[in-house]
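*Asks:* structure.cif is reproduced below (mmCIF, C-alpha atoms).
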data_data
loop_
_atom_site.group_PDB
_atom_site.id
_atom_site.type_symbol
_atom_site.label_atom_id
_atom_site.label_comp_id
_atom_site.auth_asym_id
_atom_site.auth_seq_id
_atom_site.Cartn_x
_atom_site.Cartn_y
_atom_site.Cartn_z
ATOM 1 C CA MET A 1 95.142 115.455 96.725
ATOM 2 C CA GLU A 2 97.836 115.529 94.123
ATOM 3 C CA LEU A 3 98.025 113.157 91.178
ATOM 4 C CA PHE A 4 101.370 111.610 90.397
ATOM 5 C CA LYS A 5 102.826 108.884 88.253
ATOM 6 C CA ASN A 6 103.830 105.854 90.238
ATOM 7 C CA VAL A 7 104.196 102.776 88.078
ATOM 8 C CA GLN A 8 105.925 100.704 90.765
ATOM 9 C CA ASN A 9 103.622 100.953 93.757
ATOM 10 C CA GLY A 10 99.992 100.193 94.489
ATOM 11 C CA PHE A 11 98.381 103.217 96.126
ATOM 12 C CA ILE A 12 94.953 104.210 97.432
ATOM 13 C CA GLU A 13 93.726 107.210 99.429
ATOM 14 C CA MET A 14 90.219 107.822 100.772
ATOM 15 C CA ILE A 15 88.724 110.603 102.858
ATOM 16 C CA PHE A 16 85.291 110.327 104.418
ATOM 17 C CA GLY A 17 83.238 111.656 107.303
ATOM 18 C CA PRO A 18 83.545 109.841 110.617
ATOM 19 C CA ARG A 19 80.669 107.387 110.126
ATOM 20 C CA TRP A 20 80.543 103.819 111.457
ATOM 21 C CA THR A 21 78.619 102.669 108.385
ATOM 22 C CA TYR A 22 81.599 103.314 106.100
ATOM 23 C CA ILE A 23 84.090 101.119 107.979
ATOM 24 C CA ALA A 24 82.860 97.719 106.740
ATOM 25 C CA THR A 25 82.674 98.998 103.167
ATOM 26 C CA VAL A 26 86.197 100.422 103.308
ATOM 27 C CA ARG A 27 87.481 97.159 104.825
ATOM 28 C CA THR A 28 85.928 95.082 102.033
ATOM 29 C CA PHE A 29 87.245 97.423 99.364
ATOM 30 C CA LEU A 30 90.766 97.363 100.846
ATOM 31 C CA GLN A 31 90.724 93.598 101.169
ATOM 32 C CA ASN A 32 89.895 93.248 97.472
ATOM 33 C CA PHE A 33 92.344 95.986 96.426
ATOM 34 C CA LEU A 34 95.166 94.393 98.451
ATOM 35 C CA ALA A 35 94.420 90.861 97.250
ATOM 36 C CA ILE A 36 95.039 92.119 93.706
ATOM 37 C CA THR A 37 97.937 94.461 94.552
ATOM 38 C CA LEU A 38 99.820 91.975 96.742
ATOM 39 C CA ALA A 39 98.579 88.739 95.136
ATOM 40 C CA ASP A 40 98.404 87.395 98.707
ATOM 41 C CA ASN A 41 95.054 86.859 100.430
ATOM 42 C CA ASN A 42 96.604 86.304 103.866
ATOM 43 C CA TRP A 43 98.307 89.709 103.880
ATOM 44 C CA ALA A 44 95.173 91.287 102.394
ATOM 45 C CA ASP A 45 93.135 89.896 105.318
ATOM 46 C CA VAL A 46 95.613 91.030 107.987
ATOM 47 C CA ILE A 47 96.075 94.519 106.561
ATOM 48 C CA SER A 48 92.367 95.121 105.976
ATOM 49 C CA MET A 49 91.702 93.988 109.583
ATOM 50 C CA ALA A 50 94.323 96.492 110.766
ATOM 51 C CA ALA A 51 92.741 99.236 108.674
ATOM 52 C CA SER A 52 89.344 98.427 110.148
ATOM 53 C CA GLU A 53 90.713 98.620 113.710
ATOM 54 C CA LEU A 54 92.375 101.981 113.017
ATOM 55 C CA LEU A 55 89.274 103.368 111.321
ATOM 56 C CA GLU A 56 87.091 102.290 114.250
ATOM 57 C CA ASN A 57 89.396 104.220 116.596
ATOM 58 C CA ALA A 58 89.444 107.222 114.266
ATOM 59 C CA VAL A 59 85.644 107.362 114.038
ATOM 60 C CA LYS A 60 85.086 106.655 117.745
ATOM 61 C CA TYR A 61 87.451 109.399 118.906
ATOM 62 C CA ALA A 62 86.951 111.975 116.139
ATOM 63 C CA SER A 63 86.434 115.586 117.196
ATOM 64 C CA ASP A 64 85.646 116.837 113.704
ATOM 65 C CA GLU A 65 84.766 115.743 110.173
ATOM 66 C CA GLY A 66 87.342 113.994 108.055
ATOM 67 C CA THR A 67 88.862 110.555 108.368
ATOM 68 C CA LYS A 68 91.634 109.788 105.912
ATOM 69 C CA ILE A 69 93.174 106.441 105.045
ATOM 70 C CA CYS A 70 96.170 105.921 102.769
ATOM 71 C CA VAL A 71 97.646 102.613 101.704
ATOM 72 C CA GLU A 72 100.847 102.335 99.708
ATOM 73 C CA HIS A 73 102.630 99.175 98.658
ATOM 74 C CA ARG A 74 106.309 99.953 98.099
ATOM 75 C CA LYS A 75 107.507 97.083 95.947
ATOM 76 C CA GLU A 76 111.198 97.987 96.107
ATOM 77 C CA GLU A 77 111.085 97.774 99.938
ATOM 78 C CA ASN A 78 108.564 94.906 99.998
ATOM 79 C CA LYS A 79 106.595 96.887 102.588
ATOM 80 C CA LEU A 80 103.100 98.234 102.866
ATOM 81 C CA TYR A 81 102.356 101.545 104.577
ATOM 82 C CA LEU A 82 98.930 102.051 106.153
ATOM 83 C CA VAL A 83 98.169 105.549 107.455
ATOM 84 C CA VAL A 84 94.977 106.718 109.147
ATOM 85 C CA GLU A 85 94.438 110.373 110.071
ATOM 86 C CA ASN A 86 91.707 112.125 112.018
ATOM 87 C CA PHE A 87 91.066 115.124 114.216
ATOM 88 C CA THR A 88 90.674 114.452 117.922
ATOM 89 C CA TYR A 89 90.965 115.991 121.376
ATOM 90 C CA GLN A 90 94.284 116.348 123.209
ATOM 91 C CA GLU A 91 93.136 113.909 125.937
ATOM 92 C CA ASN A 92 92.596 111.226 123.291
ATOM 93 C CA ILE A 93 96.000 111.928 121.761
ATOM 94 C CA ALA A 94 97.667 111.415 125.147
ATOM 95 C CA ILE A 95 95.840 108.094 125.646
ATOM 96 C CA LEU A 96 96.742 106.928 122.133
ATOM 97 C CA ARG A 97 100.397 107.846 122.627
ATOM 98 C CA SER A 98 100.448 105.871 125.888
ATOM 99 C CA GLU A 99 98.803 102.836 124.221
ATOM 100 C CA ILE A 100 101.263 102.844 121.325
ATOM 101 C CA ASP A 101 104.177 103.066 123.777
ATOM 102 C CA LYS A 102 102.753 100.085 125.720
ATOM 103 C CA ILE A 103 102.226 97.850 122.716
ATOM 104 C CA ASN A 104 105.671 98.660 121.317
ATOM 105 C CA SER A 105 107.349 97.973 124.676
ATOM 106 C CA GLY A 106 107.730 94.214 124.442
ATOM 107 C CA ASP A 107 107.209 90.979 122.595
ATOM 108 C CA PRO A 108 103.999 91.205 120.506
ATOM 109 C CA THR A 109 102.585 87.935 121.893
ATOM 110 C CA GLU A 110 103.264 88.846 125.522
ATOM 111 C CA VAL A 111 101.837 92.345 125.104
ATOM 112 C CA TYR A 112 98.698 90.969 123.420
ATOM 113 C CA LEU A 113 98.137 88.379 126.161
ATOM 114 C CA LYS A 114 98.564 91.056 128.835
ATOM 115 C CA LYS A 115 96.097 93.358 127.036
ATOM 116 C CA MET A 116 93.593 90.464 126.788
ATOM 117 C CA GLN A 117 93.881 89.898 130.547
ATOM 118 C CA GLU A 118 93.345 93.611 131.195
ATOM 119 C CA ALA A 119 90.348 93.643 128.844
ATOM 120 C CA ALA A 120 88.748 90.733 130.707
ATOM 121 C CA LEU A 121 88.877 92.729 133.939
ATOM 122 C CA ARG A 122 87.439 95.951 132.495
ATOM 123 C CA THR A 123 83.911 96.945 133.430
ATOM 124 C CA ASP A 124 83.483 99.902 131.054
ATOM 125 C CA GLY A 125 82.764 97.830 127.948
ATOM 126 C CA GLY A 126 86.029 98.772 126.222
ATOM 127 C CA SER A 127 88.932 96.501 125.454
ATOM 128 C CA GLN A 128 91.722 98.607 123.896
ATOM 129 C CA LEU A 129 92.913 95.462 122.111
ATOM 130 C CA GLY A 130 93.009 96.832 118.548
ATOM 131 C CA LEU A 131 96.594 98.084 118.335
ATOM 132 C CA ALA A 132 97.955 95.113 120.289
ATOM 133 C CA ARG A 133 96.060 92.775 117.947
ATOM 134 C CA ILE A 134 97.528 94.480 114.872
ATOM 135 C CA ARG A 135 101.064 94.113 116.199
ATOM 136 C CA TYR A 136 100.472 90.521 117.361
ATOM 137 C CA GLU A 137 98.970 89.340 114.063
ATOM 138 C CA SER A 138 101.424 91.126 111.758
ATOM 139 C CA ASN A 139 104.538 92.115 113.736
ATOM 140 C CA ALA A 140 104.125 95.528 112.095
ATOM 141 C CA ASP A 141 105.758 98.761 113.219
ATOM 142 C CA ILE A 142 103.188 101.159 114.704
ATOM 143 C CA SER A 143 103.838 104.838 115.261
ATOM 144 C CA MET A 144 102.002 108.131 115.484
ATOM 145 C CA SER A 145 102.573 111.796 114.795
ATOM 146 C CA VAL A 146 100.545 114.839 115.795
ATOM 147 C CA GLU A 147 100.044 118.306 114.322
ATOM 148 C CA GLY A 148 97.726 120.318 116.556
ATOM 149 C CA ASP A 149 94.561 118.214 116.836
ATOM 150 C CA LEU A 150 95.354 116.080 113.767
ATOM 151 C CA VAL A 151 96.665 112.627 114.671
ATOM 152 C CA LYS A 152 98.286 110.313 112.144
ATOM 153 C CA VAL A 153 98.781 106.622 112.956
ATOM 154 C CA THR A 154 101.198 104.771 110.672
ATOM 155 C CA VAL A 155 101.511 100.994 110.464
ATOM 156 C CA ILE A 156 104.327 99.534 108.372
ATOM 157 C CA PHE A 157 103.990 95.902 107.333
ATOM 158 C CA ASP A 158 107.146 94.047 106.294
ATOM 159 C CA LEU A 159 105.867 91.689 103.605
ATOM 160 C CA LYS A 160 109.023 89.567 103.417
#
How would this structure read if it were set down as structure tokens?
*Replies:*
Amino acid sequence: MELFKNVQNGFIEMIFGPRWTYIATVRTFLQNFLAITLADNNWADVISMAASELLENAVKYASDEGTKICVEHRKEENKLYLVVENFTYQENIAILRSEIDKINSGDPTEVYLKKMQEAALRTDGGSQLGLARIRYESNADISMSVEGDLVKVTVIFDLK
């Protein structure tokens, strides 16, 4: 990690081992941090929910130690960038890429309703609703990038 002067933007970065027990604590911390940074409890709730969903995926599908979350509020753009990184297997990366393509393929409400219908018919105990929920509740841009077995999911919230 590199320290830098940034008097305009709120910024936080955390790295921890892939442990379920940390997710609720990180969510609570982010919610409080964002409520102060953004002075908006509604956005703080939505963004901390999104972070929690991404962290759950990162921990569930991790192939190695290290889960990283970065949050940056860019005041001049009136946007907030949420980035979660973790190591995973190539099969998981392919599934994630497919899910992100699906949820970005249409109207957020329609995609979320379709994913809810699919989840109701599943018998494996999974739902795969997290990314669709994030997009539905926030209309955020969701993307991913990959370097080897390191996957980075980026969610950009337009706070306007």
*Asks:* Residues near Asn78 of chain A, anyone? I mean within 8 Å using all atoms listed in the file, not counting same-chain ones fewer than 2 positions away, as a PDB file with C-alpha atoms, keeping the file's coordinate frame.
*Replies:*
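Output file around.pdb is given in full below:
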ATOM      1  CA  HIS A  73     102.630  99.175  98.658  1.00  0.00           C
ATOM      2  CA  ARG A  74     106.309  99.953  98.099  1.00  0.00           C
ATOM      3  CA  LYS A  75     107.507  97.083  95.947  1.00  0.00           C
ATOM      4  CA  GLU A  76     111.198  97.987  96.107  1.00  0.00           C
ATOM      5  CA  LEU A  80     103.100  98.234 102.866  1.00  0.00           C
ATOM      6  CA  ASP A 158     107.146  94.047 106.294  1.00  0.00           C
ATOM      7  CA  LEU A 159     105.867  91.689 103.605  1.00  0.00           C
ATOM      8  CA  LYS A 160     109.023  89.567 103.417  1.00  0.00           C
TER       9      LYS A 160
END
*Asks:* State, in Å with one decimal place, the distance from atom CA of Glu110 of chain A to atom CA of Trp43 of chain A.
*Replies:*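 Atom CA of Trp43 of chain A lies at a distance of 22.2 Å from atom CA of Glu110 of chain A.
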*Asks:* Need to verify the contact set: Ala50 of chain A, 10 Å, all atoms listed in the file, exclusion of same-chain residues closer than 6 positions in sequence. Can you return it as a list in words?
*Replies:* Arg27, Ala44, Glu56, Leu82, Gly130, Leu131, Arg133, Ile134, Arg135, Glu137, Ser138, Ala140 and Val155 of chain A
*Asks:* Please indicate the distance in Å from atom CA of Asn104 of chain A to atom CA of Asp141 of chain A, rounded to one decimal place.
*Replies:*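 Computing it gives 8.1 Å between the two atoms.
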*Asks:* Evaluate the PyMOL selection byres ((chain A and resi 59) around 8) here and jot the selected residues down as a PyMOL selection string.
*Replies:* chain A and resi 18-20+55-58+60-62+67+86
*Asks:* Which of these, A:Val84, A:Leu30, A:Ala119, A:Ala94, has the shortest distance to Ile142 of chain A once you count all atoms listed in the file?
*Replies:*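 Going through A:Val84, A:Leu30, A:Ala119, A:Ala94 one by one, the smallest distance to Ile142 of chain A is for A:Val84.
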*Asks:* Which residues are close to segment 149-154 of chain A, i.e. within 9 Å by only C-alpha atoms, leaving aside same-chain residues fewer than 3 positions away? Reply as a list in words.
*Replies:* Leu54, Ser63, Tyr81, Leu82, Val83, Val84, Glu85, Asn86, Phe87, Thr88, Tyr89, Gln90, Ile93, Asp141, Ile142, Ser143, Met144, Ser145 and Val146 of chain A
*Asks:* Using only C-alpha atoms, please write the residues we just selected to a file, as an mmCIF file, in the frame of the given file.
*Replies:*
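Writing done, so here's selection23.cif:
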data_model
loop_
_atom_site.group_PDB
_atom_site.id
_atom_site.type_symbol
_atom_site.label_atom_id
_atom_site.label_comp_id
_atom_site.auth_asym_id
_atom_site.auth_seq_id
_atom_site.Cartn_x
_atom_site.Cartn_y
_atom_site.Cartn_z
ATOM 1 C CA LEU A 54 92.375 101.981 113.017
ATOM 2 C CA SER A 63 86.434 115.586 117.196
ATOM 3 C CA TYR A 81 102.356 101.545 104.577
ATOM 4 C CA LEU A 82 98.930 102.051 106.153
ATOM 5 C CA VAL A 83 98.169 105.549 107.455
ATOM 6 C CA VAL A 84 94.977 106.718 109.147
ATOM 7 C CA GLU A 85 94.438 110.373 110.071
ATOM 8 C CA ASN A 86 91.707 112.125 112.018
ATOM 9 C CA PHE A 87 91.066 115.124 114.216
ATOM 10 C CA THR A 88 90.674 114.452 117.922
ATOM 11 C CA TYR A 89 90.965 115.991 121.376
ATOM 12 C CA GLN A 90 94.284 116.348 123.209
ATOM 13 C CA ILE A 93 96.000 111.928 121.761
ATOM 14 C CA ASP A 141 105.758 98.761 113.219
ATOM 15 C CA ILE A 142 103.188 101.159 114.704
ATOM 16 C CA SER A 143 103.838 104.838 115.261
ATOM 17 C CA MET A 144 102.002 108.131 115.484
ATOM 18 C CA SER A 145 102.573 111.796 114.795
ATOM 19 C CA VAL A 146 100.545 114.839 115.795
#
*Asks:* Closest to Ala51 of chain A among A:Phe29, A:Phe11, A:Tyr136, A:Tyr112, using only C-alpha atoms?
*Replies:* A:Phe29
*Asks:* Please measure the separation of atom CA of Asn32 of chain A and atom CA of Val71 of chain A, giving the value in Å to one decimal.
*Replies:* 12.9 Å
